[in-house]
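Quick look at protein12.csv (CSV, C-alpha atoms and all ligand atoms):
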```csv
chain,number,residue,atom,x,y,z
A,373,MET,CA,2.4,-9.4,-21.0
A,374,SER,CA,0.5,-6.1,-20.7
A,375,LYS,CA,1.9,-3.4,-18.4
A,376,LEU,CA,0.4,-2.6,-15.0
A,377,LYS,CA,-1.8,0.4,-15.1
A,378,ALA,CA,-1.2,3.5,-13.0
A,379,ALA,CA,-2.8,6.9,-12.4
A,380,VAL,CA,-1.1,10.2,-11.6
A,381,PHE,CA,-2.7,12.8,-9.3
A,382,ALA,CA,-1.6,16.4,-9.8
A,383,SER,CA,-2.8,19.9,-9.1
A,384,GLY,CA,-0.3,22.2,-10.9
A,385,ALA,CA,1.9,22.7,-13.9
A,386,GLY,CA,2.5,19.0,-14.3
A,387,SER,CA,6.3,18.9,-15.0
A,388,ASN,CA,6.6,15.7,-13.0
A,389,PHE,CA,3.6,14.2,-14.8
A,390,GLN,CA,5.2,15.0,-18.1
A,391,ALA,CA,8.6,13.5,-17.0
A,392,ILE,CA,6.8,10.3,-16.0
A,393,ILE,CA,4.8,9.9,-19.2
A,394,GLU,CA,7.7,10.7,-21.4
A,395,ALA,CA,10.2,8.5,-19.5
A,396,ARG,CA,11.7,5.8,-21.7
A,397,ASP,CA,10.8,2.2,-20.8
A,398,LEU,CA,8.4,3.1,-18.0
A,399,ALA,CA,7.3,-0.1,-16.3
A,400,CYS,CA,3.6,0.9,-16.2
A,401,GLU,CA,1.1,2.5,-18.4
A,402,ILE,CA,-0.3,5.9,-17.1
A,403,VAL,CA,-3.9,5.5,-18.0
A,404,LEU,CA,-5.5,8.4,-16.0
A,405,LEU,CA,-4.8,11.8,-14.6
A,406,ILE,CA,-6.7,12.9,-11.5
A,407,CYS,CA,-6.7,16.6,-11.0
A,408,ASP,CA,-8.5,18.9,-8.5
A,409,LYS,CA,-8.0,22.2,-10.3
A,410,GLN,CA,-10.0,23.1,-13.4
A,411,ASN,CA,-7.3,25.3,-14.9
A,412,ALA,CA,-4.2,23.4,-14.0
A,413,GLY,CA,-1.5,23.2,-16.7
A,414,VAL,CA,-1.2,19.4,-16.2
A,415,ILE,CA,-4.6,18.9,-17.9
A,416,GLU,CA,-3.2,20.2,-21.2
A,417,ILE,CA,-0.3,17.9,-21.0
A,418,ALA,CA,-2.6,14.9,-20.5
A,419,LYS,CA,-4.7,16.0,-23.5
A,420,LYS,CA,-1.7,16.4,-25.7
A,421,HIS,CA,-0.7,12.8,-24.8
A,422,GLN,CA,-4.2,11.5,-25.1
A,423,ILE,CA,-4.4,10.4,-21.5
A,424,SER,CA,-7.8,10.3,-19.9
A,425,THR,CA,-8.5,12.9,-17.2
A,426,PHE,CA,-10.8,13.1,-14.2
A,427,VAL,CA,-11.0,16.7,-13.1
A,428,PHE,CA,-13.1,17.3,-9.9
A,429,ASN,CA,-14.0,20.2,-7.7
A,430,ALA,CA,-13.8,19.1,-4.1
A,431,LYS,CA,-16.4,21.8,-3.1
A,432,GLU,CA,-19.0,20.1,-5.2
A,433,PHE,CA,-18.8,17.0,-2.9
A,434,ALA,CA,-20.2,16.7,0.6
A,435,SER,CA,-17.0,15.4,2.1
A,436,LYS,CA,-13.5,14.0,1.3
A,437,GLN,CA,-14.9,10.5,1.6
A,438,ALA,CA,-17.5,11.4,-1.1
A,439,TYR,CA,-15.0,12.7,-3.7
A,440,GLU,CA,-12.5,9.9,-2.9
A,441,GLU,CA,-15.2,7.3,-3.5
A,442,LYS,CA,-15.8,8.9,-6.9
A,443,ILE,CA,-12.1,8.9,-7.6
A,444,ILE,CA,-11.9,5.2,-6.7
A,445,SER,CA,-14.7,4.4,-9.1
A,446,GLU,CA,-12.8,6.2,-11.9
A,447,LEU,CA,-9.6,4.3,-11.0
A,448,ARG,CA,-11.4,0.9,-10.9
A,449,LYS,CA,-12.9,1.6,-14.4
A,450,LYS,CA,-9.4,2.0,-15.7
A,451,GLU,CA,-8.1,-1.0,-13.8
A,452,VAL,CA,-5.5,1.2,-12.0
A,453,SER,CA,-3.2,-0.6,-9.5
A,454,TRP,CA,-0.7,2.1,-8.6
A,455,ILE,CA,-1.1,5.8,-7.8
A,456,PHE,CA,1.7,8.4,-8.1
A,457,LEU,CA,1.1,11.8,-6.6
A,458,ALA,CA,2.9,14.5,-8.5
A,459,GLY,CA,2.2,17.9,-7.0
A,460,TYR,CA,-1.3,16.8,-5.7
A,461,MET,CA,-1.9,19.4,-3.1
A,462,ARG,CA,-4.5,17.6,-1.0
A,463,ILE,CA,-4.1,15.2,1.9
A,464,VAL,CA,-5.1,11.7,0.9
A,465,GLY,CA,-7.8,10.4,3.1
A,466,SER,CA,-8.5,7.0,4.7
A,467,THR,CA,-11.0,6.1,1.9
A,468,LEU,CA,-8.4,6.1,-0.8
A,469,LEU,CA,-5.6,4.8,1.4
A,470,GLN,CA,-7.7,1.7,2.3
A,471,ALA,CA,-8.7,1.1,-1.3
A,472,PHE,CA,-5.0,1.1,-2.4
A,473,PRO,CA,-2.9,-0.1,0.5
A,474,GLY,CA,0.8,0.3,-0.1
A,475,LYS,CA,0.2,1.5,-3.6
A,476,ILE,CA,0.2,5.3,-3.2
A,477,VAL,CA,3.5,7.0,-3.7
A,478,ASN,CA,4.4,10.8,-3.5
A,479,ILE,CA,7.3,13.0,-4.5
A,480,HIS,CA,8.2,15.9,-2.2
A,481,PRO,CA,10.8,18.6,-2.9
A,482,SER,CA,12.8,18.4,0.3
A,483,LEU,CA,14.8,15.8,2.3
A,484,LEU,CA,12.0,14.6,4.5
A,485,PRO,CA,11.4,14.8,7.5
A,486,ASN,CA,12.8,18.3,6.9
A,487,PHE,CA,10.4,20.9,5.4
A,488,PRO,CA,7.1,18.9,5.0
A,489,GLY,CA,3.9,20.6,3.7
A,490,LYS,CA,3.6,23.4,1.2
A,491,ASP,CA,6.4,25.5,-0.4
A,492,ALA,CA,9.1,23.2,0.8
A,493,ILE,CA,11.7,24.7,-1.6
A,494,ALA,CA,11.0,28.2,-0.2
A,495,GLN,CA,11.1,26.9,3.3
A,496,ALA,CA,14.5,25.3,2.8
A,497,TYR,CA,15.8,28.4,1.0
A,498,GLN,CA,14.7,30.7,3.7
A,499,ALA,CA,16.1,28.5,6.4
A,500,GLY,CA,19.5,28.9,4.7
A,501,VAL,CA,20.4,25.2,4.6
A,502,ASN,CA,23.3,24.2,2.4
A,503,LYS,CA,21.7,21.0,1.3
A,504,THR,CA,18.1,20.1,0.5
A,505,GLY,CA,16.7,17.6,-2.1
A,506,VAL,CA,13.9,15.3,-3.1
A,507,THR,CA,12.1,12.5,-1.4
A,508,VAL,CA,9.9,9.8,-2.9
A,509,HIS,CA,7.8,8.1,-0.2
A,510,TYR,CA,4.7,6.0,0.4
A,511,ILE,CA,1.7,7.9,1.6
A,512,ASP,CA,0.1,7.6,5.0
A,513,GLU,CA,-2.5,9.8,6.7
A,514,GLY,CA,0.0,12.5,7.8
A,515,ILE,CA,1.5,15.3,5.8
A,516,ASP,CA,4.6,14.0,4.0
A,517,THR,CA,5.2,11.4,6.7
A,518,GLY,CA,5.0,8.0,5.1
A,519,PRO,CA,7.9,5.5,4.7
A,520,ILE,CA,10.7,6.9,2.6
A,521,ILE,CA,11.6,4.9,-0.6
A,522,ALA,CA,14.4,7.1,-2.1
A,523,GLN,CA,16.1,10.5,-1.5
A,524,GLU,CA,18.5,12.5,-3.5
A,525,SER,CA,20.2,15.6,-2.2
A,526,VAL,CA,20.8,18.9,-3.9
A,527,ALA,CA,23.4,21.4,-2.8
A,528,VAL,CA,22.4,25.0,-2.1
A,529,PHE,CA,25.1,27.5,-2.9
A,530,SER,CA,25.1,31.1,-1.6
A,531,LYS,CA,24.8,32.4,-5.2
A,532,ASP,CA,21.6,30.4,-5.8
A,533,THR,CA,18.4,32.3,-6.1
A,534,GLU,CA,15.2,30.5,-4.9
A,535,GLU,CA,14.2,30.2,-8.6
A,536,ALA,CA,17.6,28.5,-9.4
A,537,LEU,CA,17.2,26.1,-6.5
A,538,LYS,CA,13.7,25.2,-7.7
A,539,LYS,CA,15.1,24.4,-11.2
A,540,LYS,CA,17.8,22.2,-9.7
A,541,ILE,CA,15.3,20.4,-7.5
A,542,GLN,CA,12.8,19.8,-10.3
A,543,GLU,CA,15.6,18.4,-12.6
A,544,VAL,CA,16.4,15.9,-9.9
A,545,GLU,CA,12.6,15.1,-9.5
A,546,HIS,CA,12.2,14.5,-13.2
A,547,GLN,CA,15.0,11.8,-13.2
A,548,LEU,CA,14.3,10.3,-9.8
A,549,TYR,CA,10.5,9.7,-10.0
A,550,PRO,CA,10.4,7.6,-13.1
A,551,SER,CA,13.4,5.6,-12.0
A,552,VAL,CA,11.9,4.9,-8.6
A,553,ILE,CA,8.6,3.9,-10.2
A,554,ASN,CA,10.4,1.4,-12.3
A,555,GLN,CA,12.3,0.0,-9.3
A,556,LEU,CA,9.1,-0.3,-7.3
A,557,LEU,CA,7.2,-2.1,-10.1
A,558,GLN,CA,10.0,-4.5,-10.8
A,559,THR,CA,10.2,-5.7,-7.2
A,560,LYS,CA,6.5,-6.0,-6.6
A,601,LIG,C1,6.8,19.3,-7.3
A,601,LIG,O1,8.0,20.0,-7.0
A,601,LIG,C2,6.5,18.3,-6.2
A,601,LIG,O2,7.6,17.8,-5.6
A,601,LIG,C3,5.7,19.2,-5.3
A,601,LIG,O3,4.9,20.0,-6.1
A,601,LIG,C4,5.6,20.3,-7.3
A,601,LIG,C5,4.7,20.0,-8.5
A,601,LIG,O4,5.3,20.5,-9.7
A,601,LIG,N1,4.9,18.5,-4.3
A,601,LIG,C6,4.7,18.8,-3.1
A,601,LIG,O5,5.1,19.9,-2.6
A,601,LIG,C7,3.9,17.8,-2.3
A,601,LIG,N2,3.9,18.2,-0.9
A,601,LIG,P1,4.8,20.0,-11.1
A,601,LIG,O6,3.3,20.3,-11.2
A,601,LIG,O7,5.6,20.8,-12.1
A,601,LIG,O8,5.1,18.5,-11.2
```

So that I can check it, write out the structure of this file as structure tokens.
Ligand code: GAR
Amino acid sequence: MSKLKAAVFASGAGSNFQAIIEARDLACEIVLLICDKQNAGVIEIAKKHQISTFVFNAKEFASKQAYEEKIISELRKKEVSWIFLAGYMRIVGSTLLQAFPGKIVNIHPSLLPNFPGKDAIAQAYQAGVNKTGVTVHYIDEGIDTGPIIAQESVAVFSKDTEEALKKKIQEVEHQLYPSVINQLLQTK
């Protein structure tokens, strides 16, 4: 039986994208990278692994609905059934949400509902918490508010720099995301 097809959406360096595509025994095939930044490092990773990319500039479209309709047509061409956001720094709109109900998942570098939005690691570090972590959750129309699927905590020690904390969180992300993807696909 052929594997389900999935797309990853990303805007940045792509370390989570890389962890997903290099995961052993991933239960789906990543057939497309969607990226909204022309120079994002994640694009090079996709090229190296011969994964198709759709890179767009939101400013060239009249509206969020317009670029999301274009994204949907790219996803349909590749027969994508699941979407994994991995550092995609845009709010997903109702056009995409309605096209893929219950099939869009995000990873966020904090224990939601704490520290939603941008720079979650810096927010937690500056708040001086002794525990933060990683959340994988379904997307809804809010910012990092959808139903939580899995969380893993990361201790913050007083000797930790913000950079060290980021490294610890990303290591957890790179293990957690592929394993949650596999659990989700096996139960659906
Ligand atoms: C990851 O830490 C991810 O959790 C975060 O962006 C980073 C992307 O890194 N996402 C968010 O903050 C979403 N609100 P990467 O490009 O190296 O995977």

key: Shell around range 426-440 of chain A at 7 Å using all atoms listed in the file, local window under 3 positions removed, as a count of residues only   = 11

remark   = Min atom-atom distance to ligand LIG 601 (chain A) from the set A:Val506, A:Ile415, A:Cys400, A:Ala395, counting only C-alpha atoms and all ligand atoms, belongs to A:Val506

request  = Would you mind reading off the distance between CA of Ile553 in chain A and atom O4 of ligand LIG 601 (chain A), one decimal, in Å?
outcome  = 16.9 Å

List as a PDB file with C-alpha atoms, in the coordinates of the input the protein and nucleic acid residues lying within 6 Å of ligand LIG 601 (chain A), with all atoms listed in the file counted.
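Full text of pocket07.pdb as output:
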```pdb
ATOM      1  CA  GLY A 384      -0.300  22.200 -10.900  1.00  0.00           C
ATOM      2  CA  ALA A 385       1.900  22.700 -13.900  1.00  0.00           C
ATOM      3  CA  GLY A 386       2.500  19.000 -14.300  1.00  0.00           C
ATOM      4  CA  SER A 387       6.300  18.900 -15.000  1.00  0.00           C
ATOM      5  CA  ASN A 388       6.600  15.700 -13.000  1.00  0.00           C
ATOM      6  CA  PHE A 389       3.600  14.200 -14.800  1.00  0.00           C
ATOM      7  CA  ALA A 458       2.900  14.500  -8.500  1.00  0.00           C
ATOM      8  CA  GLY A 459       2.200  17.900  -7.000  1.00  0.00           C
ATOM      9  CA  ILE A 479       7.300  13.000  -4.500  1.00  0.00           C
ATOM     10  CA  HIS A 480       8.200  15.900  -2.200  1.00  0.00           C
ATOM     11  CA  PRO A 481      10.800  18.600  -2.900  1.00  0.00           C
ATOM     12  CA  GLY A 489       3.900  20.600   3.700  1.00  0.00           C
ATOM     13  CA  LYS A 490       3.600  23.400   1.200  1.00  0.00           C
ATOM     14  CA  GLN A 542      12.800  19.800 -10.300  1.00  0.00           C
TER      15      GLN A 542
END
```

Distance query range 448-455 of chain A at most 7 Å, all atoms listed in the file, self and fewer than 4 positions along chain excluded, as a count of residues only = 10

ask   = So, counting all atoms listed in the file, which residue among A:Leu556, A:Ala382, A:Ile511, A:Ile493 is closest to Val526 in chain A?
value =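 Closest to Val526 in chain A, using all atoms listed in the file: A:Ile493.
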
query = How many Å lie between CA of Glu401 in chain A and CA of Lys375 in chain A, rounded to one decimal?
reply =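 We find that CA of Glu401 in chain A and CA of Lys375 in chain A lie 6.0 Å from each other.
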
remark   = Shortest contact to Glu535 in chain A, candidates A:Ala494, A:Ala499, A:Ala418, A:Val464, atoms counted only C-alpha atoms, goes to A:Ala494

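The space between CA of Ile423 in chain A and CA of Ile402 in chain A spans 7.5 Å.
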
inquiry  = Need to verify the contact set: Ser482 in chain A, 12 Å, all atoms listed in the file, exclusion of same-chain residues closer than 3 positions in sequence. Can you return it as JSON, numbers by chain?
reply    = {"A": [478, 479, 485, 486, 487, 488, 489, 490, 491, 492, 493, 494, 495, 496, 497, 501, 503, 504, 505, 506, 507, 508, 509, 516, 520, 522, 523, 524, 525, 526, 527, 528, 537, 538, 540, 541, 542, 544, 545]}

message = Which residues are close to Gln390 in chain A, i.e. within 9 Å by only C-alpha atoms, leaving aside same-chain residues fewer than 6 positions away? Reply as number ranges by chain.
response = A: 414, 417-418, 546

query = Counting all atoms listed in the file, which of A:Leu483, A:Leu457, A:Val552, A:Ala471 gets nearest to Leu398 in chain A?
reply =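 Residue with the minimum atom-to-atom distance to Leu398 in chain A: A:Val552.
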
query = Which residues come within 8 Å of Glu513 in chain A, counting all atoms listed in the file, excluding same-chain residues fewer than 3 positions away, as an NGL selection string?
reply = :A and (463-466 or 469 or 517-518)

Could you save those same residues with C-alpha atoms as a PDB file, keeping the file's coordinate frame?
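Saved file again11.pdb follows:
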```pdb
ATOM      1  CA  ILE A 463      -4.100  15.200   1.900  1.00  0.00           C
ATOM      2  CA  VAL A 464      -5.100  11.700   0.900  1.00  0.00           C
ATOM      3  CA  GLY A 465      -7.800  10.400   3.100  1.00  0.00           C
ATOM      4  CA  SER A 466      -8.500   7.000   4.700  1.00  0.00           C
ATOM      5  CA  LEU A 469      -5.600   4.800   1.400  1.00  0.00           C
ATOM      6  CA  THR A 517       5.200  11.400   6.700  1.00  0.00           C
ATOM      7  CA  GLY A 518       5.000   8.000   5.100  1.00  0.00           C
TER       8      GLY A 518
END
```

Given all atoms listed in the file as the counted atoms, nearest of A:Gly413, A:Glu441, A:Ile521, A:Phe456 to Gln555 in chain A =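 Among A:Gly413, A:Glu441, A:Ile521, A:Phe456, it is A:Ile521 that comes nearest to Gln555 in chain A.
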